[in-house]
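Written out below as structure tokens is the structure these notes cover.
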Amino acid sequence: MTNMITAEAIKVIVRTNTERVQGQGDFALFEELFADDFVDHTPQPGTTPDKDGVRILYHRLREAFPDFNPVIHWQAVDGDIVTTFKTYHGTHRGPLFGIAPTGRKIQFETVDAMRVRDGKITDHWGVANLFSLMQQLGGLPLIP
């Protein structure tokens, strides 16, 4: 790990992003946690693979789900990469992916990996269960 940062310390950085930035909308903290040259290797639709793109995504999620609440189930560290399995919860109060607010309560799972170097998040890879989210919002039919 760079600069002798511990596995526990990089888990805290990623956990802080999940809980305080995503979950509480602390965008001043976002600026501190993400490196300026951050790369998102799996950007979401309508975003760019950089720090600006993630900022846009986080704002869209907070606007669509003002009560957006992540629950971390587990984290693992391999070198300078933290992998996190979590479930997001919220109430659909704003548009998302072209779907008008429904008022529905949703939840969807995500697994992501974030590289932390010199105390900053520099890279992201992730898979979100957007199929389930779209079904919950009425954007896709339910499959029996």
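A note on labels: chains of the structure tokens are A, B, ... as shown, every chain counts residues from 1, and ligands are counted from 1 in their shown order.
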
For segment 77-144 of chain A versus segment 18-40 of chain A, which residues have an atom no more than 8 Å away, and what is each residue's nearest atom pair and distance in Å rounded to one decimal, using only C-alpha atoms, chain-then-number order, as CSV?
residue,atom,partner,partner_atom,distance
A:Gly119,CA,A:Leu33,CA,7.4
A:Lys120,CA,A:Leu33,CA,5.2
A:Ile121,CA,A:Phe34,CA,4.7
A:Thr122,CA,A:Phe38,CA,4.4
A:Asp123,CA,A:Val39,CA,4.9
A:His124,CA,A:Asp40,CA,4.8
A:Trp125,CA,A:Asp40,CA,6.5

Q.
I'd like the contact shell of segment 72-77 of chain A - 8 Å cut-off, only C-alpha atoms, skipping same-chain residues fewer than 2 positions apart - returned as a list of chain:residue names.
A.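 So, after excluding close chain neighbours, the residues are A:Ala7, A:Lys11, A:Arg15, A:Pro70, A:Gly79, A:Asp80, A:Ile81, A:Val82, A:Thr83, A:Thr84, A:Phe85, A:Lys86, A:Thr87.
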
Could those residues be written to a file, using C-alpha atoms, as an mmCIF file, in the first residue's frame?
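See result32.cif below for the written result:
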data_model
loop_
_atom_site.group_PDB
_atom_site.id
_atom_site.type_symbol
_atom_site.label_atom_id
_atom_site.label_comp_id
_atom_site.auth_asym_id
_atom_site.auth_seq_id
_atom_site.Cartn_x
_atom_site.Cartn_y
_atom_site.Cartn_z
ATOM 1 C CA ALA A 7 -5.997 -1.865 5.163
ATOM 2 C CA LYS A 11 -11.680 0.693 4.384
ATOM 3 C CA ARG A 15 -16.929 3.500 4.111
ATOM 4 C CA PRO A 70 -26.652 2.635 1.970
ATOM 5 C CA GLY A 79 -3.618 -4.347 -1.613
ATOM 6 C CA ASP A 80 -4.935 -0.837 -2.216
ATOM 7 C CA ILE A 81 -8.399 -1.930 -3.405
ATOM 8 C CA VAL A 82 -11.465 -2.099 -1.147
ATOM 9 C CA THR A 83 -14.376 -4.239 -2.314
ATOM 10 C CA THR A 84 -17.741 -3.461 -0.738
ATOM 11 C CA PHE A 85 -21.077 -5.286 -0.905
ATOM 12 C CA LYS A 86 -23.969 -3.026 0.024
ATOM 13 C CA THR A 87 -27.683 -2.475 -0.396
#

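Distance annotation: of A:Asp50, A:Leu57, A:Asp78, A:Pro43, the residue with the minimal separation from Val116 of chain A is A:Asp78; atom set is only C-alpha atoms.
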
Q.
Give me, as a list of chain:residue names, all polymer residues having an atom no more than 8 Å from Phe108 of chain A, counting only C-alpha atoms and skipping those fewer than 5 positions away in the same chain.
A.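 Listed by chain and then number, they are A:Thr87, A:Tyr88, A:His89, A:Ala128, A:Asn129, A:Leu130, A:Ser132, A:Leu133.
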
**Q.** Secondary structure check, strand (DSSP E or B) residues of chain A, as a PyMOL selection string
**A.** chain A and resi 34-40+50+69-78+81-91+96+99+105-117+120-128

(Q) Residues near Ile106 of chain A, anyone? I mean within 10 Å using only C-alpha atoms, not counting same-chain ones fewer than 3 positions away, as a PyMOL selection string. (A) chain A and resi 65+68+88-92+103+132-137

Q. In terms of the shortest atom-to-atom distance over only C-alpha atoms, which of A:Thr102, A:Gly139, A:Asp67, A:Val54 is closest to Thr42 of chain A?
A.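 Once distances to Thr42 of chain A are computed over only C-alpha atoms, the minimum belongs to A:Val54.
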
Q.
Can you tell me, as a count of residues only, which residues in chain A count as alpha helix (DSSP H) by DSSP?
A. 38

Q. How many Å separate atom CA of Leu61 of chain A from atom CA of Arg104 of chain A?
A.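 Those two atoms sit 14.4 Å apart.
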
**Q.** atom CA of Lys105 of chain A to atom CA of His41 of chain A, straight-line distance in Å
**A.**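 Separating atom CA of His41 of chain A from atom CA of Lys105 of chain A is a distance of 29.0 Å.
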
Q | Between atom CA of Gln44 of chain A and atom CA of Glu109 of chain A - distance in Å to one decimal | A |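 Answer for the atom CA of Glu109 of chain A to atom CA of Gln44 of chain A separation: 14.8 Å.
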